[in-house]
Amino acid sequence: MGSALYLIHTLGCQMNERDSEIMAGQLEHMGYAPAAAEEEADLIIINTCAVRGSAEDHALGHIGRLKQLKAKRPRMTLAVAGCMAQEPKTIAWLKRHAPHVDLVFGTHNLHQLPRLLDEAEQHQEMLVEVWKSAGDIMAEHVPSRRKPGVRAQVNIIYGCDKFCTYCIVPFTRGRERSRQLDDVLAEVQALAGEGYEDVTFLGQNVNSYGHDLLPRVDLADLLTQAERIAGIRWIHYMTPHPRDFSQKLLEVIGISDKVSRQLHLPVQAGSNPILRRMNRKYTREEYLDLIGRARSAIEEVTFTTDIIVGFPGESEEDFALTLDLVREVRFDSAFTFLYSPREGTPAARWEGRDPVSDPVKKDRLNRLMALQYQISWEANQLLLGTTPVVLVEGPSKKEPRIWAGRTQQGKVVLVERESEADLTDRFVPVKITSAKTFYLAGRVAGAPFPASSRSVHTIAVR
Ligand code: 5AD
Ligand code: SF4
């Protein structure tokens with residue numbers, strides 16, 4: 001008999017992607033191998049996201065549909081993990097509507113996966129292991145199975161202490177906890193040794209990194225030291241908060257060759273009364289001041305953002321201020337969201353009293369997207385004729401004769417395939433010949449580097 005097979009479905013953000021790699025690493029350490037399809041899997045894990053209602057509905061729908069498969073293959077184990085597992089309402093829902101789920105484990109219980117799977121097998125009923133907080137545990141040295149290639153994600157800080165009034169994350173991911181600088185740097189060093197060249201530092205709030213460490217360090221220190229690691233070419237970080245973006249950090253990015261010059265600064269709204277009620281802890285003016293300081297400190301800086309429309313009580317005037325801010329900053333791109341009430345958050349209580357109606361919310365979202373698309377298109381036109389380096393991720397999903405990749409500043413670039421050489425995971429200078437709203441396109445304009453593609457296939461201990 002071959003080894004048992006696992007499949008992990010990951011919803012939501014990069015933190016969840018990284019958690020899935022840590023689940024996969026532990027499973028492979030136990031002897032599991034990846035399954036190609038649900039029908040052959042002995043274990044399916046749904047790693048859920050709770051940030052908006054749509055993500056939750058998606059996960060619950062999927063879990064519901066797996067009931068049939070479970071009936072056909074009763075020995076298959078079905079597990080639910082991620083942010084939804086932290087919510088008591090999910091557990092209640094699963095017990096009632098999805099008793100075919102065998103195991104539910106929370107965001108603080110990842111490192112216990114082997115034991116939990118063992119216990120779930122002995123258990124007749126659904127086994128639920130969800131710690132409310134991480135306590136003093138910082139699980140280091142847990143095996144992890146990264147995606148092969150040259151891009152890797154590295155956790156630097158867990159949790160969020162900001163408590164924006166719309167957001168569920170502080171409840172599902174707990175308090176801010178930074179990993180030790182030396183542990184992070186050792187991980188990056190090891191990754192470089194395995195052939196990874198592009199690292200993304202992860203946290204809900206990366207610029208709070210280090211405030212809880214002794215000696216105190218910050219994200220600027222981490223970037224400065226990570227940059228010295230040979231073999232690492234590009235460095236990204238996800239997600240910063242506009243409030244703690246220090247001048248020191250702007251300066252470090254400004255002089256760095258490795259750190260991306262694209263700043264993702266989620267603004268959420270352009271009106272001060274809404275920002276105050278969102279508890280964002282900055283004003284429109286402070287945000288614009290940060291944009292100005294970034295423009296002075298970082299040559300060719302670009303900005304992207306997240307915006308929520310239809311926050312409770314958002315008036316047409318408030319919304320007009322959001323549009324106005326978008327026109328002023330001219331973001332390269334923006335993730336735009338309809339406000340989604342999250343049970344247990346303060347804004348969800350206000351939603352009852354002061355909701356923005358669905359048609360108004362949707363109309364605002366459409367107007368915002370139309371404006372942003374126009375600006376994105378215009379910003380991309382400026383890149384026509386330039387020759388950025390593109391890290392090729394692989395053949396385009398839709399068109400195998402085209403390579404898809406990204407620039408250091410995060411722009412999607414489609415590259416014409418002109419030879420049989422495999423450009424996957426290689427850095428290639430590309431002359432931009434066409435610029436659309438969501439991507440650039442062009443032709444190879446120089447030798448790819450490194451000279452040959454490498455594939456990394458190890459289960460490293462993180
Ligand atoms: N409704 C809509 N969007 C939300 N986000 C977070 N919480 C909500 C919510 N309740 C958005 C924010 C955040 C991004 C990751 O998701 O814009 O920056
Ligand atoms: Fe949520 Fe605000 Fe924390 Fe971001 S900073 S995770 S939006 S509470």
# chains A, B, ... in the order shown; residues from 1 in each chain; ligands from 1
$ residues_near_ligand --ligand "ligand 1" --cutoff "8 Å" --atoms "only C-alpha atoms and all ligand atoms" --output "list in words"
Cys13, Val51, Arg52, Gly53, Tyr166, Cys167, Ile168, Val169, Pro266, Val267, Gln268, Thr305, Asp306, Ile307, Ile308, Val309, Phe311, Phe335, Thr336, Phe337, Leu338, Tyr339, Ser340, Pro341 and Arg342 of chain A
$ write_last_selection --atoms "N, CA, C and O atoms" --output "JSON list (two decimals), in the first residue's frame"
[["chain", "number", "residue", "atom", "x", "y", "z"],
["A", 13, "CYS", "N", -5.75, 34.89, 3.04],
["A", 13, "CYS", "CA", -4.53, 35.68, 2.87],
["A", 13, "CYS", "C", -3.26, 34.83, 2.86],
["A", 13, "CYS", "O", -3.28, 33.62, 3.02],
["A", 51, "VAL", "N", -12.53, 36.86, 7.06],
["A", 51, "VAL", "CA", -12.44, 38.32, 6.99],
["A", 51, "VAL", "C", -13.69, 38.96, 6.39],
["A", 51, "VAL", "O", -14.07, 40.06, 6.77],
["A", 52, "ARG", "N", -14.35, 38.24, 5.50],
["A", 52, "ARG", "CA", -15.62, 38.72, 4.95],
["A", 52, "ARG", "C", -16.62, 37.58, 4.87],
["A", 52, "ARG", "O", -16.22, 36.41, 4.76],
["A", 53, "GLY", "N", -17.91, 37.92, 4.84],
["A", 53, "GLY", "CA", -18.95, 36.90, 4.78],
["A", 53, "GLY", "C", -18.81, 36.01, 3.56],
["A", 53, "GLY", "O", -19.06, 34.80, 3.62],
["A", 166, "TYR", "N", -14.16, 47.12, 12.16],
["A", 166, "TYR", "CA", -14.84, 46.23, 11.21],
["A", 166, "TYR", "C", -14.21, 44.85, 11.19],
["A", 166, "TYR", "O", -14.72, 43.94, 10.56],
["A", 167, "CYS", "N", -13.05, 44.68, 11.82],
["A", 167, "CYS", "CA", -12.18, 43.55, 11.50],
["A", 167, "CYS", "C", -12.22, 42.42, 12.51],
["A", 167, "CYS", "O", -12.16, 42.63, 13.72],
["A", 168, "ILE", "N", -12.27, 41.20, 12.02],
["A", 168, "ILE", "CA", -12.36, 40.02, 12.86],
["A", 168, "ILE", "C", -10.97, 39.49, 13.26],
["A", 168, "ILE", "O", -10.83, 38.71, 14.20],
["A", 169, "VAL", "N", -9.94, 39.96, 12.52],
["A", 169, "VAL", "CA", -8.61, 39.36, 12.68],
["A", 169, "VAL", "C", -8.05, 39.39, 14.11],
["A", 169, "VAL", "O", -7.51, 38.38, 14.58],
["A", 266, "PRO", "N", -2.94, 50.13, 3.12],
["A", 266, "PRO", "CA", -4.40, 50.07, 3.15],
["A", 266, "PRO", "C", -4.98, 51.34, 3.79],
["A", 266, "PRO", "O", -4.70, 51.62, 4.95],
["A", 267, "VAL", "N", -5.74, 52.11, 3.00],
["A", 267, "VAL", "CA", -6.28, 53.36, 3.53],
["A", 267, "VAL", "C", -7.68, 53.14, 4.10],
["A", 267, "VAL", "O", -8.09, 53.82, 5.03],
["A", 268, "GLN", "N", -8.42, 52.24, 3.52],
["A", 268, "GLN", "CA", -9.78, 51.83, 3.92],
["A", 268, "GLN", "C", -10.86, 52.87, 3.64],
["A", 268, "GLN", "O", -11.95, 52.52, 3.22],
["A", 305, "THR", "N", -3.44, 49.84, -2.39],
["A", 305, "THR", "CA", -4.21, 50.03, -1.17],
["A", 305, "THR", "C", -5.37, 49.05, -1.07],
["A", 305, "THR", "O", -5.65, 48.31, -2.01],
["A", 306, "ASP", "N", -6.03, 49.05, 0.10],
["A", 306, "ASP", "CA", -7.31, 48.36, 0.31],
["A", 306, "ASP", "C", -8.33, 49.42, 0.69],
["A", 306, "ASP", "O", -8.01, 50.33, 1.48],
["A", 307, "ILE", "N", -9.54, 49.30, 0.15],
["A", 307, "ILE", "CA", -10.61, 50.26, 0.48],
["A", 307, "ILE", "C", -11.90, 49.49, 0.76],
["A", 307, "ILE", "O", -12.23, 48.55, 0.05],
["A", 308, "ILE", "N", -12.58, 49.91, 1.81],
["A", 308, "ILE", "CA", -13.88, 49.32, 2.13],
["A", 308, "ILE", "C", -14.96, 50.35, 1.80],
["A", 308, "ILE", "O", -14.85, 51.51, 2.23],
["A", 309, "VAL", "N", -15.99, 49.98, 1.06],
["A", 309, "VAL", "CA", -17.12, 50.89, 0.85],
["A", 309, "VAL", "C", -18.33, 50.37, 1.60],
["A", 309, "VAL", "O", -18.50, 49.17, 1.78],
["A", 311, "PHE", "N", -19.17, 51.18, 4.82],
["A", 311, "PHE", "CA", -19.04, 51.07, 6.28],
["A", 311, "PHE", "C", -20.27, 51.72, 6.90],
["A", 311, "PHE", "O", -20.79, 52.70, 6.36],
["A", 335, "PHE", "N", -7.39, 47.01, -3.86],
["A", 335, "PHE", "CA", -8.36, 45.96, -3.55],
["A", 335, "PHE", "C", -9.56, 46.65, -2.93],
["A", 335, "PHE", "O", -9.41, 47.36, -1.92],
["A", 336, "THR", "N", -10.72, 46.48, -3.54],
["A", 336, "THR", "CA", -11.90, 47.20, -3.06],
["A", 336, "THR", "C", -12.92, 46.19, -2.53],
["A", 336, "THR", "O", -13.14, 45.15, -3.15],
["A", 337, "PHE", "N", -13.49, 46.49, -1.39],
["A", 337, "PHE", "CA", -14.38, 45.53, -0.73],
["A", 337, "PHE", "C", -15.68, 46.19, -0.31],
["A", 337, "PHE", "O", -15.69, 47.35, 0.12],
["A", 338, "LEU", "N", -16.78, 45.43, -0.41],
["A", 338, "LEU", "CA", -18.04, 45.85, 0.21],
["A", 338, "LEU", "C", -17.91, 45.55, 1.69],
["A", 338, "LEU", "O", -17.48, 44.45, 2.07],
["A", 339, "TYR", "N", -18.28, 46.51, 2.53],
["A", 339, "TYR", "CA", -18.24, 46.24, 3.97],
["A", 339, "TYR", "C", -19.08, 45.00, 4.29],
["A", 339, "TYR", "O", -20.21, 44.86, 3.83],
["A", 340, "SER", "N", -18.53, 44.12, 5.09],
["A", 340, "SER", "CA", -19.20, 42.89, 5.47],
["A", 340, "SER", "C", -19.22, 42.82, 7.01],
["A", 340, "SER", "O", -18.17, 42.79, 7.63],
["A", 341, "PRO", "N", -20.42, 42.87, 7.62],
["A", 341, "PRO", "CA", -20.45, 42.87, 9.09],
["A", 341, "PRO", "C", -19.90, 41.56, 9.66],
["A", 341, "PRO", "O", -20.26, 40.48, 9.20],
["A", 342, "ARG", "N", -19.02, 41.68, 10.63],
["A", 342, "ARG", "CA", -18.42, 40.50, 11.27],
["A", 342, "ARG", "C", -18.90, 40.42, 12.70],
["A", 342, "ARG", "O", -18.62, 41.31, 13.51]]
$ residues_near_ligand --ligand "ligand 2" --cutoff "6 Å" --atoms "only C-alpha atoms and all ligand atoms" --output "list in words"
Cys160, Lys162, Phe163, Cys164, Cys167, Val169, Pro170 and Gln204 of chain A
$ residues_around --residues "Glu416 of chain A" --least-positions-apart "6" --cutoff "9 Å" --atoms "only C-alpha atoms" --output "ChimeraX atom specification"
/A:401-403,441-444
$ write_last_selection --atoms "N, CA and C atoms" --output "PDB file, in the first residue's frame"
ATOM      1  N   ARG A 401       1.360  29.373 -24.179  1.00  0.00           N
ATOM      2  CA  ARG A 401       2.453  29.934 -24.977  1.00  0.00           C
ATOM      3  C   ARG A 401       2.933  31.274 -24.415  1.00  0.00           C
ATOM      4  N   ILE A 402       2.387  31.671 -23.288  1.00  0.00           N
ATOM      5  CA  ILE A 402       2.766  32.954 -22.690  1.00  0.00           C
ATOM      6  C   ILE A 402       3.272  32.701 -21.271  1.00  0.00           C
ATOM      7  N   TRP A 403       4.372  33.360 -20.911  1.00  0.00           N
ATOM      8  CA  TRP A 403       4.861  33.281 -19.531  1.00  0.00           C
ATOM      9  C   TRP A 403       4.203  34.371 -18.702  1.00  0.00           C
ATOM     10  N   ALA A 441       2.501  43.690 -20.887  1.00  0.00           N
ATOM     11  CA  ALA A 441       2.955  42.575 -21.716  1.00  0.00           C
ATOM     12  C   ALA A 441       4.194  43.017 -22.471  1.00  0.00           C
ATOM     13  N   GLY A 442       5.054  42.041 -22.801  1.00  0.00           N
ATOM     14  CA  GLY A 442       6.273  42.417 -23.503  1.00  0.00           C
ATOM     15  C   GLY A 442       7.077  41.226 -23.971  1.00  0.00           C
ATOM     16  N   ARG A 443       8.307  41.514 -24.424  1.00  0.00           N
ATOM     17  CA  ARG A 443       9.174  40.485 -25.001  1.00  0.00           C
ATOM     18  C   ARG A 443      10.494  40.424 -24.259  1.00  0.00           C
ATOM     19  N   VAL A 444      11.057  39.239 -24.215  1.00  0.00           N
ATOM     20  CA  VAL A 444      12.345  39.046 -23.535  1.00  0.00           C
ATOM     21  C   VAL A 444      13.380  39.981 -24.165  1.00  0.00           C
TER      22      VAL A 444
END
$ residues_around --residues "Glu286 of chain A" --least-positions-apart "4" --cutoff "12 Å" --atoms "only C-alpha atoms" --output "ChimeraX atom specification"
/A:242-245,267,270-272,275,280-282,290-293
$ residues_around --residues "Asn380 of chain A" --least-positions-apart "2" --cutoff "8 Å" --atoms "only C-alpha atoms" --output "VMD selection string"
chain A and resid 332 376 to 378 382 to 384 435 to 437 439 to 440
$ residues_around --residues "Pro99 of chain A" --least-positions-apart "2" --cutoff "12 Å" --atoms "only C-alpha atoms" --output "PyMOL selection string"
chain A and resi 63-64+66-67+70-71+78-80+91-97+101-104+124-128
$ select_by_dssp --residues "segment 270-382 of chain A" --states "strand (DSSP E)" --output "list in words"
Thr302, Phe303, Thr304, Thr305, Asp306, Ile307, Ile308, Val309, Ser333, Ala334, Phe335, Thr336, Phe337 and Leu338 of chain A
$ write_last_selection --atoms "all heavy atoms" --output "compact mmCIF listing (two decimals), in the first residue's frame"
# COMPACT_ATOMS: atom_id res chain seq x y z
N THR A 302 5.71 53.31 -5.82
CA THR A 302 4.31 53.20 -6.26
C THR A 302 3.48 52.76 -5.06
O THR A 302 4.00 52.19 -4.10
CB THR A 302 4.15 52.15 -7.39
OG1 THR A 302 4.61 50.89 -6.90
CG2 THR A 302 4.91 52.55 -8.64
N PHE A 303 2.17 53.03 -5.14
CA PHE A 303 1.30 52.73 -4.01
C PHE A 303 0.14 51.84 -4.44
O PHE A 303 -0.40 52.00 -5.53
CB PHE A 303 0.72 54.02 -3.43
CG PHE A 303 1.77 54.98 -2.95
CD1 PHE A 303 2.12 56.07 -3.74
CD2 PHE A 303 2.41 54.78 -1.74
CE1 PHE A 303 3.11 56.95 -3.32
CE2 PHE A 303 3.40 55.65 -1.31
CZ PHE A 303 3.75 56.74 -2.11
N THR A 304 -0.20 50.91 -3.55
CA THR A 304 -1.44 50.15 -3.73
C THR A 304 -2.18 50.22 -2.39
O THR A 304 -1.60 50.63 -1.38
CB THR A 304 -1.17 48.69 -4.12
OG1 THR A 304 -0.38 48.09 -3.07
CG2 THR A 304 -0.44 48.57 -5.44
N THR A 305 -3.44 49.84 -2.39
CA THR A 305 -4.21 50.03 -1.17
C THR A 305 -5.37 49.05 -1.07
O THR A 305 -5.65 48.31 -2.01
CB THR A 305 -4.72 51.49 -1.11
OG1 THR A 305 -5.07 51.81 0.24
CG2 THR A 305 -5.92 51.72 -2.01
N ASP A 306 -6.03 49.05 0.10
CA ASP A 306 -7.31 48.36 0.31
C ASP A 306 -8.33 49.42 0.69
O ASP A 306 -8.01 50.33 1.48
CB ASP A 306 -7.24 47.40 1.51
CG ASP A 306 -6.29 46.23 1.30
OD1 ASP A 306 -5.83 46.02 0.17
OD2 ASP A 306 -6.02 45.53 2.30
N ILE A 307 -9.54 49.30 0.15
CA ILE A 307 -10.61 50.26 0.48
C ILE A 307 -11.90 49.49 0.76
O ILE A 307 -12.23 48.55 0.05
CB ILE A 307 -10.84 51.25 -0.69
CG1 ILE A 307 -9.56 52.07 -0.93
CG2 ILE A 307 -12.03 52.16 -0.42
CD1 ILE A 307 -9.60 52.93 -2.17
N ILE A 308 -12.58 49.91 1.81
CA ILE A 308 -13.88 49.32 2.13
C ILE A 308 -14.96 50.35 1.80
O ILE A 308 -14.85 51.51 2.23
CB ILE A 308 -13.97 48.96 3.63
CG1 ILE A 308 -12.91 47.92 3.99
CG2 ILE A 308 -15.36 48.47 3.99
CD1 ILE A 308 -12.85 47.60 5.49
N VAL A 309 -15.99 49.98 1.06
CA VAL A 309 -17.12 50.89 0.85
C VAL A 309 -18.33 50.37 1.60
O VAL A 309 -18.50 49.17 1.78
CB VAL A 309 -17.49 51.11 -0.63
CG1 VAL A 309 -16.33 51.69 -1.41
CG2 VAL A 309 -17.99 49.85 -1.28
N SER A 333 -2.91 50.21 -8.00
CA SER A 333 -4.08 49.33 -7.98
C SER A 333 -4.65 49.33 -6.57
O SER A 333 -3.99 49.77 -5.62
CB SER A 333 -3.72 47.90 -8.40
OG SER A 333 -2.84 47.35 -7.46
N ALA A 334 -5.89 48.87 -6.47
CA ALA A 334 -6.55 48.87 -5.16
C ALA A 334 -7.41 47.62 -5.04
O ALA A 334 -8.06 47.22 -6.00
CB ALA A 334 -7.42 50.11 -5.00
N PHE A 335 -7.39 47.01 -3.86
CA PHE A 335 -8.36 45.96 -3.55
C PHE A 335 -9.56 46.65 -2.93
O PHE A 335 -9.41 47.36 -1.92
CB PHE A 335 -7.78 44.95 -2.57
CG PHE A 335 -6.63 44.17 -3.13
CD1 PHE A 335 -5.33 44.47 -2.76
CD2 PHE A 335 -6.83 43.15 -4.06
CE1 PHE A 335 -4.25 43.77 -3.28
CE2 PHE A 335 -5.76 42.45 -4.59
CZ PHE A 335 -4.48 42.76 -4.21
N THR A 336 -10.72 46.48 -3.54
CA THR A 336 -11.90 47.20 -3.06
C THR A 336 -12.92 46.19 -2.53
O THR A 336 -13.14 45.15 -3.15
CB THR A 336 -12.52 48.02 -4.20
OG1 THR A 336 -12.74 47.16 -5.33
CG2 THR A 336 -11.61 49.15 -4.62
N PHE A 337 -13.49 46.49 -1.39
CA PHE A 337 -14.38 45.53 -0.73
C PHE A 337 -15.68 46.19 -0.31
O PHE A 337 -15.69 47.35 0.12
CB PHE A 337 -13.72 44.97 0.54
CG PHE A 337 -12.37 44.37 0.30
CD1 PHE A 337 -11.22 45.04 0.71
CD2 PHE A 337 -12.24 43.15 -0.35
CE1 PHE A 337 -9.96 44.48 0.49
CE2 PHE A 337 -10.99 42.59 -0.57
CZ PHE A 337 -9.85 43.26 -0.15
N LEU A 338 -16.78 45.43 -0.41
CA LEU A 338 -18.04 45.85 0.21
C LEU A 338 -17.91 45.55 1.69
O LEU A 338 -17.48 44.45 2.07
CB LEU A 338 -19.21 45.03 -0.33
CG LEU A 338 -19.63 45.26 -1.78
CD1 LEU A 338 -20.68 44.24 -2.19
CD2 LEU A 338 -20.17 46.68 -1.94
$ select_by_dssp --residues "segment 46-261 of chain A" --states "helix (DSSP H, G or I)" --output "tab-separated table (two decimals) with C-alpha atoms, in the first residue's frame"
chain	number	residue	atom	x	y	z
A	53	GLY	CA	-18.95	36.90	4.78
A	54	SER	CA	-18.29	35.80	1.20
A	55	ALA	CA	-15.15	33.85	2.22
A	56	GLU	CA	-17.08	32.18	5.03
A	57	ASP	CA	-19.95	31.19	2.74
A	58	HIS	CA	-17.46	29.74	0.30
A	59	ALA	CA	-15.87	27.53	2.97
A	60	LEU	CA	-19.18	26.39	4.42
A	61	GLY	CA	-20.48	25.55	0.93
A	62	HIS	CA	-17.39	23.47	0.25
A	63	ILE	CA	-17.62	21.66	3.59
A	64	GLY	CA	-21.30	20.96	2.89
A	65	ARG	CA	-20.53	19.48	-0.53
A	66	LEU	CA	-17.90	17.14	0.95
A	67	LYS	CA	-20.65	15.30	2.82
A	68	GLN	CA	-21.26	13.13	-0.25
A	69	LEU	CA	-17.61	12.22	-0.64
A	70	LYS	CA	-17.43	11.40	3.06
A	71	ALA	CA	-20.45	9.11	2.68
A	72	LYS	CA	-18.68	7.28	-0.14
A	83	CYS	CA	-9.74	31.80	11.14
A	84	MET	CA	-13.31	30.48	11.04
A	85	ALA	CA	-12.35	27.74	13.48
A	86	GLN	CA	-11.68	30.48	16.07
A	88	PRO	CA	-17.73	29.85	18.27
A	89	LYS	CA	-20.53	30.38	15.76
A	90	THR	CA	-18.65	28.20	13.22
A	91	ILE	CA	-18.33	25.32	15.68
A	92	ALA	CA	-22.05	25.55	16.44
A	93	TRP	CA	-22.87	25.61	12.72
A	94	LEU	CA	-20.62	22.64	11.94
A	95	LYS	CA	-22.04	20.56	14.80
A	96	ARG	CA	-25.52	21.21	13.52
A	97	HIS	CA	-25.10	21.13	9.74
A	110	LEU	CA	-1.23	24.20	13.99
A	111	HIS	CA	1.80	22.59	15.56
A	112	GLN	CA	-0.38	19.95	17.24
A	113	LEU	CA	-1.68	18.58	13.96
A	114	PRO	CA	-0.06	15.10	14.18
A	115	ARG	CA	-1.48	14.42	17.65
A	116	LEU	CA	-4.87	15.85	16.74
A	117	LEU	CA	-5.16	13.59	13.69
A	118	ASP	CA	-4.34	10.61	15.88
A	119	GLU	CA	-6.96	11.58	18.43
A	120	ALA	CA	-9.57	12.35	15.79
A	121	GLU	CA	-9.19	8.82	14.50
A	122	GLN	CA	-10.04	7.38	17.95
A	169	VAL	CA	-8.61	39.36	12.68
A	170	PRO	CA	-7.68	40.50	16.22
A	171	PHE	CA	-10.20	37.91	17.44
A	172	THR	CA	-9.12	35.05	15.18
A	173	ARG	CA	-5.36	35.59	15.25
A	181	LEU	CA	15.05	38.50	14.78
A	182	ASP	CA	17.72	35.77	14.80
A	183	ASP	CA	15.14	33.07	14.08
A	184	VAL	CA	13.76	35.03	11.13
A	185	LEU	CA	17.21	35.75	9.73
A	186	ALA	CA	18.30	32.12	10.16
A	187	GLU	CA	15.22	31.06	8.22
A	188	VAL	CA	15.99	33.48	5.39
A	189	GLN	CA	19.61	32.31	5.36
A	190	ALA	CA	18.47	28.70	5.11
A	191	LEU	CA	16.04	29.59	2.34
A	192	ALA	CA	18.81	31.30	0.40
A	193	GLY	CA	20.87	28.13	0.80
A	206	VAL	CA	4.43	43.97	9.77
A	207	ASN	CA	5.52	47.39	10.91
A	208	SER	CA	4.65	46.53	14.48
A	219	LEU	CA	11.03	46.12	10.52
A	220	ALA	CA	13.67	48.53	9.21
A	221	ASP	CA	16.35	46.60	11.16
A	222	LEU	CA	15.04	43.30	9.83
A	223	LEU	CA	15.03	44.52	6.22
A	224	THR	CA	18.53	45.96	6.59
A	225	GLN	CA	19.89	42.67	7.88
A	226	ALA	CA	17.93	40.46	5.50
A	227	GLU	CA	19.25	42.46	2.61
A	242	PRO	CA	-0.13	53.33	7.59
A	243	ARG	CA	0.04	54.43	11.20
A	244	ASP	CA	3.36	52.86	12.17
A	247	GLN	CA	10.64	57.55	8.56
A	248	LYS	CA	13.48	55.10	9.25
A	249	LEU	CA	11.60	52.41	7.32
A	250	LEU	CA	10.99	54.75	4.37
A	251	GLU	CA	14.70	55.53	4.30
A	252	VAL	CA	15.74	51.89	4.43
A	253	ILE	CA	13.45	51.12	1.49
A	254	GLY	CA	14.72	54.20	-0.33
A	255	ILE	CA	18.35	53.06	-0.33
$ residues_around --residues "Thr407 of chain A" --least-positions-apart "4" --cutoff "9 Å" --atoms "only C-alpha atoms" --output "list in words"
Pro388, Val389, Val390, Leu391, Val392, Lys411, Val412 and Val413 of chain A
$ closest_residue --among "A:Asn109, A:Gln180, A:Ser256, A:Ser133" --to "Asn155 of chain A" --atoms "only C-alpha atoms"
A:Gln180
$ closest_residue --among "A:Asp318, A:Asp136, A:Glu38, A:Asp19" --to "Gly203 of chain A" --atoms "only C-alpha atoms"
A:Asp19
